[in-house]
$ cat run.pdb   # PDB, C-alpha atoms
ATOM      1  CA  MET A  12      27.351  74.375 186.122  1.00  0.00           C
ATOM      2  CA  ALA A  13      28.221  74.813 189.798  1.00  0.00           C
ATOM      3  CA  LYS A  14      30.288  72.009 191.294  1.00  0.00           C
ATOM      4  CA  LYS A  15      29.119  69.943 194.244  1.00  0.00           C
ATOM      5  CA  VAL A  16      31.306  69.680 197.330  1.00  0.00           C
ATOM      6  CA  LEU A  17      30.524  67.185 200.069  1.00  0.00           C
ATOM      7  CA  ASN A  18      31.609  68.186 203.559  1.00  0.00           C
ATOM      8  CA  VAL A  19      31.763  65.310 206.034  1.00  0.00           C
ATOM      9  CA  GLU A  20      32.041  66.882 209.479  1.00  0.00           C
ATOM     10  CA  ASP A  21      30.465  66.209 212.878  1.00  0.00           C
ATOM     11  CA  ASP A  22      31.128  69.633 214.400  1.00  0.00           C
ATOM     12  CA  ALA A  23      28.250  72.018 213.700  1.00  0.00           C
ATOM     13  CA  ASP A  24      30.410  75.170 213.859  1.00  0.00           C
ATOM     14  CA  THR A  25      32.874  73.817 211.299  1.00  0.00           C
ATOM     15  CA  ARG A  26      30.002  72.678 209.053  1.00  0.00           C
ATOM     16  CA  THR A  27      28.606  76.213 209.097  1.00  0.00           C
ATOM     17  CA  PHE A  28      32.051  77.668 208.379  1.00  0.00           C
ATOM     18  CA  VAL A  29      32.681  75.345 205.416  1.00  0.00           C
ATOM     19  CA  THR A  30      29.147  75.831 204.035  1.00  0.00           C
ATOM     20  CA  THR A  31      29.653  79.594 204.080  1.00  0.00           C
ATOM     21  CA  VAL A  32      32.997  79.343 202.282  1.00  0.00           C
ATOM     22  CA  LEU A  33      31.493  77.001 199.669  1.00  0.00           C
ATOM     23  CA  GLU A  34      28.419  79.136 199.008  1.00  0.00           C
ATOM     24  CA  GLU A  35      30.428  82.347 198.826  1.00  0.00           C
ATOM     25  CA  ASN A  36      32.647  80.771 196.189  1.00  0.00           C
ATOM     26  CA  GLY A  37      29.825  79.438 194.021  1.00  0.00           C
ATOM     27  CA  TYR A  38      29.907  75.762 194.961  1.00  0.00           C
ATOM     28  CA  ILE A  39      26.942  73.630 196.000  1.00  0.00           C
ATOM     29  CA  PRO A  40      27.504  72.355 199.547  1.00  0.00           C
ATOM     30  CA  ILE A  41      26.314  68.903 200.599  1.00  0.00           C
ATOM     31  CA  MET A  42      26.610  67.943 204.249  1.00  0.00           C
ATOM     32  CA  ALA A  43      27.110  64.683 206.118  1.00  0.00           C
ATOM     33  CA  ILE A  44      27.777  64.286 209.824  1.00  0.00           C
ATOM     34  CA  ASP A  45      29.862  61.095 209.830  1.00  0.00           C
ATOM     35  CA  GLY A  46      31.563  58.613 207.549  1.00  0.00           C
ATOM     36  CA  GLU A  47      28.531  56.355 207.222  1.00  0.00           C
ATOM     37  CA  GLU A  48      26.293  59.181 206.037  1.00  0.00           C
ATOM     38  CA  GLY A  49      29.207  60.504 203.992  1.00  0.00           C
ATOM     39  CA  MET A  50      29.462  57.266 201.973  1.00  0.00           C
ATOM     40  CA  GLU A  51      25.704  57.288 201.356  1.00  0.00           C
ATOM     41  CA  LYS A  52      25.881  60.884 200.079  1.00  0.00           C
ATOM     42  CA  VAL A  53      28.908  60.144 197.889  1.00  0.00           C
ATOM     43  CA  LYS A  54      27.050  57.313 196.157  1.00  0.00           C
ATOM     44  CA  LYS A  55      23.850  59.330 195.820  1.00  0.00           C
ATOM     45  CA  GLU A  56      25.211  62.774 194.907  1.00  0.00           C
ATOM     46  CA  ARG A  57      28.528  61.978 193.179  1.00  0.00           C
ATOM     47  CA  PRO A  58      30.243  65.169 194.418  1.00  0.00           C
ATOM     48  CA  ASP A  59      33.139  66.783 192.548  1.00  0.00           C
ATOM     49  CA  LEU A  60      35.190  67.029 195.735  1.00  0.00           C
ATOM     50  CA  ILE A  61      35.001  65.817 199.345  1.00  0.00           C
ATOM     51  CA  ILE A  62      36.144  67.753 202.418  1.00  0.00           C
ATOM     52  CA  LEU A  63      36.629  65.173 205.115  1.00  0.00           C
ATOM     53  CA  ASP A  64      37.085  65.349 208.876  1.00  0.00           C
ATOM     54  CA  ILE A  65      38.776  62.451 210.665  1.00  0.00           C
ATOM     55  CA  LEU A  66      37.502  62.044 214.230  1.00  0.00           C
ATOM     56  CA  MET A  67      33.729  61.548 213.985  1.00  0.00           C
ATOM     57  CA  PRO A  68      31.072  59.325 215.536  1.00  0.00           C
ATOM     58  CA  ARG A  69      29.905  56.061 213.903  1.00  0.00           C
ATOM     59  CA  GLU A  70      32.533  55.968 211.128  1.00  0.00           C
ATOM     60  CA  SER A  71      35.765  57.961 211.074  1.00  0.00           C
ATOM     61  CA  GLY A  72      37.192  59.827 208.105  1.00  0.00           C
ATOM     62  CA  ILE A  73      40.090  57.366 208.062  1.00  0.00           C
ATOM     63  CA  LYS A  74      37.776  54.445 207.345  1.00  0.00           C
ATOM     64  CA  MET A  75      35.687  56.442 204.898  1.00  0.00           C
ATOM     65  CA  TYR A  76      38.784  57.564 203.000  1.00  0.00           C
ATOM     66  CA  HIS A  77      39.973  53.981 202.810  1.00  0.00           C
ATOM     67  CA  GLU A  78      36.583  52.805 201.510  1.00  0.00           C
ATOM     68  CA  LEU A  79      36.544  55.573 198.908  1.00  0.00           C
ATOM     69  CA  LYS A  80      39.977  54.746 197.600  1.00  0.00           C
ATOM     70  CA  MET A  81      39.226  51.024 197.485  1.00  0.00           C
ATOM     71  CA  ASP A  82      36.117  51.600 195.353  1.00  0.00           C
ATOM     72  CA  PRO A  83      37.054  51.819 191.643  1.00  0.00           C
ATOM     73  CA  SER A  84      34.025  53.995 190.835  1.00  0.00           C
ATOM     74  CA  LEU A  85      34.721  56.511 193.637  1.00  0.00           C
ATOM     75  CA  LYS A  86      38.490  56.610 193.999  1.00  0.00           C
ATOM     76  CA  GLY A  87      38.850  59.382 191.418  1.00  0.00           C
ATOM     77  CA  ILE A  88      36.957  61.927 193.526  1.00  0.00           C
ATOM     78  CA  PRO A  89      39.493  64.367 195.035  1.00  0.00           C
ATOM     79  CA  VAL A  90      39.550  64.456 198.836  1.00  0.00           C
ATOM     80  CA  VAL A  91      40.730  67.302 201.056  1.00  0.00           C
ATOM     81  CA  ILE A  92      41.248  66.305 204.665  1.00  0.00           C
ATOM     82  CA  LEU A  93      40.312  69.023 207.165  1.00  0.00           C
ATOM     83  CA  SER A  94      41.093  67.807 210.652  1.00  0.00           C
ATOM     84  CA  ALA A  95      42.901  68.411 213.920  1.00  0.00           C
ATOM     85  CA  ILE A  96      44.444  64.936 213.593  1.00  0.00           C
ATOM     86  CA  SER A  97      47.950  65.239 212.199  1.00  0.00           C
ATOM     87  CA  LYS A  98      48.808  64.211 208.642  1.00  0.00           C
ATOM     88  CA  ARG A  99      51.463  61.864 209.972  1.00  0.00           C
ATOM     89  CA  THR A 100      48.846  59.934 211.978  1.00  0.00           C
ATOM     90  CA  PHE A 101      46.527  59.831 208.987  1.00  0.00           C
ATOM     91  CA  LEU A 102      49.199  58.378 206.721  1.00  0.00           C
ATOM     92  CA  ARG A 103      50.306  55.867 209.346  1.00  0.00           C
ATOM     93  CA  SER A 104      46.725  54.741 209.883  1.00  0.00           C
ATOM     94  CA  GLN A 105      46.323  54.128 206.160  1.00  0.00           C
ATOM     95  CA  VAL A 106      49.485  52.017 206.221  1.00  0.00           C
ATOM     96  CA  ALA A 107      48.111  50.099 209.225  1.00  0.00           C
ATOM     97  CA  LEU A 108      44.866  49.450 207.341  1.00  0.00           C
ATOM     98  CA  THR A 109      46.697  48.110 204.309  1.00  0.00           C
ATOM     99  CA  GLU A 110      48.772  45.638 206.320  1.00  0.00           C
ATOM    100  CA  PHE A 111      46.082  43.039 205.797  1.00  0.00           C
ATOM    101  CA  GLY A 112      46.517  42.653 202.062  1.00  0.00           C
ATOM    102  CA  ASP A 113      44.677  45.613 200.581  1.00  0.00           C
ATOM    103  CA  GLU A 114      46.487  47.641 197.971  1.00  0.00           C
ATOM    104  CA  THR A 115      48.184  50.868 199.115  1.00  0.00           C
ATOM    105  CA  VAL A 116      45.910  53.883 199.114  1.00  0.00           C
ATOM    106  CA  PRO A 117      47.035  57.158 197.507  1.00  0.00           C
ATOM    107  CA  GLU A 118      47.540  60.310 199.572  1.00  0.00           C
ATOM    108  CA  PRO A 119      44.675  62.831 199.705  1.00  0.00           C
ATOM    109  CA  GLN A 120      44.642  65.784 197.316  1.00  0.00           C
ATOM    110  CA  ALA A 121      45.419  68.125 200.223  1.00  0.00           C
ATOM    111  CA  TYR A 122      45.671  67.992 203.988  1.00  0.00           C
ATOM    112  CA  LEU A 123      44.588  70.977 206.056  1.00  0.00           C
ATOM    113  CA  GLU A 124      44.993  71.058 209.807  1.00  0.00           C
ATOM    114  CA  LYS A 125      42.301  72.899 211.769  1.00  0.00           C
ATOM    115  CA  PRO A 126      41.786  75.760 212.194  1.00  0.00           C
ATOM    116  CA  VAL A 127      41.948  76.908 208.580  1.00  0.00           C
ATOM    117  CA  GLU A 128      41.505  80.401 207.173  1.00  0.00           C
ATOM    118  CA  PRO A 129      38.546  80.831 204.780  1.00  0.00           C
ATOM    119  CA  GLU A 130      40.783  82.358 202.090  1.00  0.00           C
ATOM    120  CA  ASP A 131      43.143  79.377 202.224  1.00  0.00           C
ATOM    121  CA  LEU A 132      40.293  76.906 201.874  1.00  0.00           C
ATOM    122  CA  ALA A 133      38.697  78.864 199.021  1.00  0.00           C
ATOM    123  CA  GLU A 134      42.010  79.128 197.192  1.00  0.00           C
ATOM    124  CA  LEU A 135      42.662  75.409 197.538  1.00  0.00           C
ATOM    125  CA  LEU A 136      39.196  74.504 196.248  1.00  0.00           C
ATOM    126  CA  LYS A 137      39.655  76.797 193.281  1.00  0.00           C
ATOM    127  CA  LYS A 138      43.016  75.221 192.518  1.00  0.00           C
ATOM    128  CA  ILE A 139      41.607  71.684 192.577  1.00  0.00           C
ATOM    129  CA  LEU A 140      38.231  72.267 190.938  1.00  0.00           C
ATOM    130  CA  ASP A 141      38.798  74.972 188.337  1.00  0.00           C
TER     131      ASP A 141
ATOM    132  CA  MET B  26      31.626  36.556 222.540  1.00  0.00           C
ATOM    133  CA  LYS B  27      33.243  38.823 219.991  1.00  0.00           C
ATOM    134  CA  ILE B  28      33.944  42.352 221.201  1.00  0.00           C
ATOM    135  CA  ASN B  29      34.280  44.512 218.138  1.00  0.00           C
ATOM    136  CA  LYS B  30      33.294  47.948 219.410  1.00  0.00           C
ATOM    137  CA  MET B  31      33.902  49.467 222.840  1.00  0.00           C
ATOM    138  CA  LEU B  32      32.490  52.612 224.404  1.00  0.00           C
ATOM    139  CA  PHE B  33      35.046  54.268 226.675  1.00  0.00           C
ATOM    140  CA  VAL B  34      33.417  56.797 228.977  1.00  0.00           C
ATOM    141  CA  SER B  35      36.002  59.089 230.498  1.00  0.00           C
ATOM    142  CA  LYS B  36      35.836  61.810 233.083  1.00  0.00           C
ATOM    143  CA  PHE B  37      39.584  62.341 232.515  1.00  0.00           C
ATOM    144  CA  GLU B  38      40.382  62.215 236.257  1.00  0.00           C
ATOM    145  CA  GLU B  39      39.541  58.511 236.480  1.00  0.00           C
ATOM    146  CA  LEU B  40      39.741  56.763 233.122  1.00  0.00           C
ATOM    147  CA  ARG B  41      42.678  57.937 231.091  1.00  0.00           C
ATOM    148  CA  LEU B  42      44.918  56.781 228.279  1.00  0.00           C
ATOM    149  CA  ASP B  43      46.813  54.311 230.467  1.00  0.00           C
ATOM    150  CA  ALA B  44      43.527  52.615 231.397  1.00  0.00           C
ATOM    151  CA  LEU B  45      42.542  52.546 227.743  1.00  0.00           C
ATOM    152  CA  GLN B  46      45.835  51.010 226.711  1.00  0.00           C
ATOM    153  CA  SER B  47      45.469  48.305 229.335  1.00  0.00           C
ATOM    154  CA  LEU B  48      42.294  47.274 227.494  1.00  0.00           C
ATOM    155  CA  MET B  49      44.064  46.839 224.181  1.00  0.00           C
ATOM    156  CA  GLY B  50      44.479  43.157 224.995  1.00  0.00           C
ATOM    157  CA  LEU B  51      40.857  42.947 223.899  1.00  0.00           C
ATOM    158  CA  ARG B  52      42.070  43.214 220.307  1.00  0.00           C
ATOM    159  CA  LYS B  53      42.596  39.472 220.578  1.00  0.00           C
ATOM    160  CA  ALA B  54      38.856  39.203 221.190  1.00  0.00           C
ATOM    161  CA  GLY B  55      38.189  41.212 218.032  1.00  0.00           C
ATOM    162  CA  LEU B  56      38.272  44.782 219.338  1.00  0.00           C
ATOM    163  CA  SER B  57      38.788  47.117 216.396  1.00  0.00           C
ATOM    164  CA  HIS B  58      36.754  50.212 217.179  1.00  0.00           C
ATOM    165  CA  VAL B  59      36.851  52.476 220.249  1.00  0.00           C
ATOM    166  CA  VAL B  60      34.296  55.229 220.844  1.00  0.00           C
ATOM    167  CA  PHE B  61      35.095  57.938 223.387  1.00  0.00           C
ATOM    168  CA  LEU B  62      32.414  59.683 225.366  1.00  0.00           C
ATOM    169  CA  TYR B  63      32.789  62.681 227.646  1.00  0.00           C
ATOM    170  CA  VAL B  64      29.698  64.025 229.342  1.00  0.00           C
ATOM    171  CA  ILE B  65      29.741  67.602 230.594  1.00  0.00           C
ATOM    172  CA  SER B  66      27.603  67.727 233.704  1.00  0.00           C
ATOM    173  CA  ARG B  67      24.645  70.057 233.282  1.00  0.00           C
ATOM    174  CA  ASP B  68      25.535  71.737 236.617  1.00  0.00           C
ATOM    175  CA  LYS B  69      28.792  73.029 235.151  1.00  0.00           C
ATOM    176  CA  VAL B  70      27.104  75.041 232.421  1.00  0.00           C
ATOM    177  CA  ALA B  71      23.572  75.553 233.731  1.00  0.00           C
ATOM    178  CA  MET B  72      21.824  78.932 233.835  1.00  0.00           C
ATOM    179  CA  ARG B  73      22.985  81.273 236.589  1.00  0.00           C
ATOM    180  CA  ARG B  74      21.080  84.270 237.855  1.00  0.00           C
ATOM    181  CA  GLY B  75      22.352  87.385 236.122  1.00  0.00           C
ATOM    182  CA  ILE B  76      24.743  85.463 233.859  1.00  0.00           C
ATOM    183  CA  GLY B  77      22.533  83.093 231.912  1.00  0.00           C
ATOM    184  CA  TYR B  78      23.699  79.899 230.259  1.00  0.00           C
ATOM    185  CA  LEU B  79      27.476  79.469 230.587  1.00  0.00           C
ATOM    186  CA  LYS B  80      28.204  79.176 226.878  1.00  0.00           C
ATOM    187  CA  GLN B  81      31.857  80.126 227.284  1.00  0.00           C
ATOM    188  CA  GLU B  82      32.333  77.450 229.927  1.00  0.00           C
ATOM    189  CA  GLU B  83      30.699  74.866 227.667  1.00  0.00           C
ATOM    190  CA  ARG B  84      32.986  75.833 224.797  1.00  0.00           C
ATOM    191  CA  LYS B  85      36.038  75.607 227.056  1.00  0.00           C
ATOM    192  CA  LEU B  86      35.081  72.152 228.377  1.00  0.00           C
ATOM    193  CA  ARG B  87      34.345  70.900 224.869  1.00  0.00           C
ATOM    194  CA  GLU B  88      37.707  72.116 223.628  1.00  0.00           C
ATOM    195  CA  ILE B  89      39.559  70.476 226.521  1.00  0.00           C
ATOM    196  CA  ALA B  90      37.785  67.167 225.855  1.00  0.00           C
ATOM    197  CA  ASP B  91      38.382  67.493 222.124  1.00  0.00           C
ATOM    198  CA  ILE B  92      42.129  68.027 222.568  1.00  0.00           C
ATOM    199  CA  ARG B  93      42.420  64.973 224.811  1.00  0.00           C
ATOM    200  CA  PHE B  94      40.375  62.766 222.513  1.00  0.00           C
ATOM    201  CA  ILE B  95      42.426  63.839 219.500  1.00  0.00           C
ATOM    202  CA  ASP B  96      45.571  62.915 221.397  1.00  0.00           C
ATOM    203  CA  TRP B  97      44.183  59.491 222.345  1.00  0.00           C
ATOM    204  CA  ALA B  98      42.717  58.915 218.891  1.00  0.00           C
ATOM    205  CA  GLU B  99      46.078  59.551 217.238  1.00  0.00           C
ATOM    206  CA  THR B 100      47.620  56.769 219.330  1.00  0.00           C
ATOM    207  CA  LEU B 101      44.880  54.314 218.357  1.00  0.00           C
ATOM    208  CA  PHE B 102      44.603  55.331 214.704  1.00  0.00           C
ATOM    209  CA  GLU B 103      48.310  54.674 214.253  1.00  0.00           C
ATOM    210  CA  GLU B 104      47.744  51.126 215.515  1.00  0.00           C
ATOM    211  CA  GLY B 105      45.123  50.593 212.822  1.00  0.00           C
ATOM    212  CA  MET B 106      42.130  50.959 215.147  1.00  0.00           C
ATOM    213  CA  GLU B 107      38.924  52.747 214.230  1.00  0.00           C
ATOM    214  CA  VAL B 108      38.080  55.614 216.624  1.00  0.00           C
ATOM    215  CA  GLY B 109      35.063  57.837 217.220  1.00  0.00           C
ATOM    216  CA  ALA B 110      34.191  60.487 219.800  1.00  0.00           C
ATOM    217  CA  HIS B 111      31.124  62.040 221.377  1.00  0.00           C
ATOM    218  CA  ILE B 112      31.019  65.047 223.683  1.00  0.00           C
ATOM    219  CA  ALA B 113      27.632  65.659 225.249  1.00  0.00           C
ATOM    220  CA  ILE B 114      25.951  67.751 227.933  1.00  0.00           C
ATOM    221  CA  GLY B 115      23.537  66.239 230.418  1.00  0.00           C
ATOM    222  CA  ASN B 116      23.207  63.324 232.790  1.00  0.00           C
ATOM    223  CA  ILE B 117      25.791  60.650 232.304  1.00  0.00           C
ATOM    224  CA  VAL B 118      23.634  57.503 232.373  1.00  0.00           C
ATOM    225  CA  PRO B 119      21.067  58.572 229.734  1.00  0.00           C
ATOM    226  CA  LYS B 120      23.914  59.851 227.545  1.00  0.00           C
ATOM    227  CA  ILE B 121      25.756  56.529 227.807  1.00  0.00           C
ATOM    228  CA  LEU B 122      22.559  54.746 226.781  1.00  0.00           C
ATOM    229  CA  SER B 123      21.888  57.026 223.836  1.00  0.00           C
ATOM    230  CA  VAL B 124      25.464  56.740 222.515  1.00  0.00           C
ATOM    231  CA  THR B 125      25.316  52.954 223.029  1.00  0.00           C
ATOM    232  CA  GLU B 126      22.256  52.884 220.803  1.00  0.00           C
ATOM    233  CA  ILE B 127      23.769  55.133 218.128  1.00  0.00           C
ATOM    234  CA  GLU B 128      27.073  53.301 217.999  1.00  0.00           C
ATOM    235  CA  ARG B 129      25.786  49.757 218.702  1.00  0.00           C
ATOM    236  CA  VAL B 130      28.741  48.956 220.991  1.00  0.00           C
ATOM    237  CA  ASP B 131      29.532  45.521 222.393  1.00  0.00           C
ATOM    238  CA  LEU B 132      31.179  46.708 225.612  1.00  0.00           C
ATOM    239  CA  ILE B 133      30.892  49.776 227.854  1.00  0.00           C
ATOM    240  CA  VAL B 134      33.832  50.847 230.033  1.00  0.00           C
ATOM    241  CA  THR B 135      33.102  53.501 232.616  1.00  0.00           C
ATOM    242  CA  ALA B 136      34.442  54.659 235.964  1.00  0.00           C
ATOM    243  CA  ARG B 137      32.706  54.002 239.227  1.00  0.00           C
ATOM    244  CA  ARG B 138      30.374  56.602 240.611  1.00  0.00           C
ATOM    245  CA  LYS B 139      32.354  56.985 243.855  1.00  0.00           C
ATOM    246  CA  ARG B 140      35.789  56.063 245.094  1.00  0.00           C
ATOM    247  CA  ALA B 141      36.191  53.592 247.934  1.00  0.00           C
ATOM    248  CA  LYS B 142      37.252  54.965 251.351  1.00  0.00           C
ATOM    249  CA  LEU B 143      40.869  53.823 250.976  1.00  0.00           C
ATOM    250  CA  GLU B 144      41.114  55.242 247.456  1.00  0.00           C
ATOM    251  CA  GLU B 145      39.863  58.598 248.753  1.00  0.00           C
ATOM    252  CA  LEU B 146      42.367  58.475 251.609  1.00  0.00           C
ATOM    253  CA  TYR B 147      45.349  57.758 249.338  1.00  0.00           C
ATOM    254  CA  ALA B 148      44.245  59.877 246.381  1.00  0.00           C
TER     255      ALA B 148
END

$ encode --input "run.pdb" --output "structure tokens"
Amino acid sequence: MAKKVLNVEDDADTRTFVTTVLEENGYIPIMAIDGEEGMEKVKKERPDLIILDILMPRESGIKMYHELKMDPSLKGIPVVILSAISKRTFLRSQVALTEFGDETVPEPQAYLEKPVEPEDLAELLKKILD
Amino acid sequence: MKINKMLFVSKFEELRLDALQSLMGLRKAGLSHVVFLYVISRDKVAMRRGIGYLKQEERKLREIADIRFIDWAETLFEEGMEVGAHIAIGNIVPKILSVTEIERVDLIVTARRKRAKLEELYA
């Protein structure tokens, strides 16, 4: 059965790019345009993997990632970050969020800085999902 | 009044990172989320006779705004703040109102429409 991949991304061009890569590689793409919608889709669709942008309206990928990893029923879903925000900033922000008593969150499965080549994304997905 | 979420409308010439950082004192009042908004004036990309809609110009302006917002967002994310960004085309006031509604902000920070005479003189 084809695996479901949720792409949380506010930029329409990147959404189209990721959808194309997913469809061409036999995955079922699910789209969300910000972290709030992303969390709703995660709970509803239970995707096999999440591709997550960081800087988005309403709720950022940083907050969504933190929520995912704090939820025992969702924290096992692999997350690939696809963003122009650096990995260093992402990791520091997670540390800053955990300063208030939460447990430390694990690093994402992979971190890709934009722009990414379609072959690289496809190869990474295959490596994680197959 | 608790100020949790702030909309920061920048034209880049007037409201920049230093202005934003001077507002970080509002964290004591509960500020934890900053939303950036940059509005591309319709005149800059509008249809021109013989050229059509300036799609390339729009893309260029969006990319410039995106790069700046990413830079600013990195600074705030590292401090544990939540950050969002909107880049829109149109008239600034209706866009501010629509983003205010979407994001449900508690405070709007925006530049003045015009500079005062002395500011123009010394600019």

$ resolve_selection --input "run.pdb" --expression "the ChimeraX specification (/A :<6) & /B" --output "PyMOL selection string"
chain B and resi 99+102-103+105+109-110+128

$ closest_residue --input "run.pdb" --among "A:Leu17, A:Lys80, A:Glu47, A:Asp59" --to "Asp141 in chain A" --atoms "all atoms listed in the file"
A:Asp59

$ residues_around --input "run.pdb" --residues "Leu51 in chain B" --least-positions-apart "3" --cutoff "10 Å" --atoms "only C-alpha atoms" --output "PyMOL selection string"
chain B and resi 27-29+31+46-48+54-57

$ resolve_selection --input "run.pdb" --expression "the PyMOL selection byres ((chain A and resi 14) around 9)" --output "PyMOL selection string"
chain A and resi 12-13+15-16+37-40+58-60+140

$ write_last_selection --input "run.pdb" --atoms "C-alpha atoms" --output "PDB file, in the coordinates of the input"
ATOM      1  CA  MET A  12      27.351  74.375 186.122  1.00  0.00           C
ATOM      2  CA  ALA A  13      28.221  74.813 189.798  1.00  0.00           C
ATOM      3  CA  LYS A  15      29.119  69.943 194.244  1.00  0.00           C
ATOM      4  CA  VAL A  16      31.306  69.680 197.330  1.00  0.00           C
ATOM      5  CA  GLY A  37      29.825  79.438 194.021  1.00  0.00           C
ATOM      6  CA  TYR A  38      29.907  75.762 194.961  1.00  0.00           C
ATOM      7  CA  ILE A  39      26.942  73.630 196.000  1.00  0.00           C
ATOM      8  CA  PRO A  40      27.504  72.355 199.547  1.00  0.00           C
ATOM      9  CA  PRO A  58      30.243  65.169 194.418  1.00  0.00           C
ATOM     10  CA  ASP A  59      33.139  66.783 192.548  1.00  0.00           C
ATOM     11  CA  LEU A  60      35.190  67.029 195.735  1.00  0.00           C
ATOM     12  CA  LEU A 140      38.231  72.267 190.938  1.00  0.00           C
TER      13      LEU A 140
END

$ resolve_selection --input "run.pdb" --expression "the PyMOL selection byres ((chain B and resi 59-76) around 10)" --output "PyMOL selection string"
(chain A and resi 67-70) or (chain B and resi 29-37+45+49+56-58+77-84+86-87+90-91+94+97-98+101-102+106-118+120-121+124-125+128+130+132-135)

$ atom_distance --input "run.pdb" --atom1 "CA of Asp43 in chain B" --atom2 "CA of Glu20 in chain A"
28.6 Å

$ closest_residue --input "run.pdb" --among "A:Met75, A:Leu93, A:Ile88, A:Val53" --to "Leu132 in chain A" --atoms "all atoms listed in the file"
A:Leu93

$ residues_around --input "run.pdb" --residues "Val29 in chain A" --least-positions-apart "4" --cutoff "8 Å" --atoms "all atoms listed in the file" --output "mmCIF file with C-alpha atoms, in the coordinates of the input"
data_model
loop_
_atom_site.group_PDB
_atom_site.id
_atom_site.type_symbol
_atom_site.label_atom_id
_atom_site.label_comp_id
_atom_site.auth_asym_id
_atom_site.auth_seq_id
_atom_site.Cartn_x
_atom_site.Cartn_y
_atom_site.Cartn_z
ATOM 1 C CA ASN A 18 31.609 68.186 203.559
ATOM 2 C CA THR A 25 32.874 73.817 211.299
ATOM 3 C CA LEU A 33 31.493 77.001 199.669
#

$ build_atoms --input "run.pdb" --residues "range 20-36 of chain A" --atoms "N, CA and C atoms" --output "compact mmCIF listing (two decimals), in the coordinates of the input"
# COMPACT_ATOMS: atom_id res chain seq x y z
N GLU A 20 31.56 66.20 208.26
CA GLU A 20 32.04 66.88 209.48
C GLU A 20 30.99 66.75 210.59
N ASP A 21 31.43 66.36 211.78
CA ASP A 21 30.46 66.21 212.88
C ASP A 21 30.27 67.50 213.67
N ASP A 22 31.22 68.41 213.61
CA ASP A 22 31.13 69.63 214.40
C ASP A 22 30.28 70.69 213.67
N ALA A 23 29.21 71.11 214.34
CA ALA A 23 28.25 72.02 213.70
C ALA A 23 28.89 73.36 213.31
N ASP A 24 29.77 73.88 214.16
CA ASP A 24 30.41 75.17 213.86
C ASP A 24 31.27 75.07 212.59
N THR A 25 32.02 73.99 212.49
CA THR A 25 32.87 73.82 211.30
C THR A 25 32.02 73.61 210.05
N ARG A 26 30.90 72.88 210.21
CA ARG A 26 30.00 72.68 209.05
C ARG A 26 29.50 74.02 208.54
N THR A 27 29.11 74.89 209.48
CA THR A 27 28.61 76.21 209.10
C THR A 27 29.70 77.01 208.40
N PHE A 28 30.91 76.95 208.96
CA PHE A 28 32.05 77.67 208.38
C PHE A 28 32.31 77.20 206.94
N VAL A 29 32.37 75.88 206.75
CA VAL A 29 32.68 75.34 205.42
C VAL A 29 31.54 75.65 204.44
N THR A 30 30.31 75.52 204.90
CA THR A 30 29.15 75.83 204.04
C THR A 30 29.23 77.27 203.54
N THR A 31 29.55 78.18 204.44
CA THR A 31 29.65 79.59 204.08
C THR A 31 30.73 79.80 203.02
N VAL A 32 31.90 79.20 203.25
CA VAL A 32 33.00 79.34 202.28
C VAL A 32 32.57 78.78 200.92
N LEU A 33 31.91 77.63 200.93
CA LEU A 33 31.49 77.00 199.67
C LEU A 33 30.48 77.87 198.93
N GLU A 34 29.47 78.33 199.65
CA GLU A 34 28.42 79.14 199.01
C GLU A 34 28.98 80.45 198.47
N GLU A 35 29.85 81.07 199.25
CA GLU A 35 30.43 82.35 198.83
C GLU A 35 31.31 82.20 197.58
N ASN A 36 31.77 80.98 197.35
CA ASN A 36 32.65 80.77 196.19
C ASN A 36 31.94 80.04 195.04
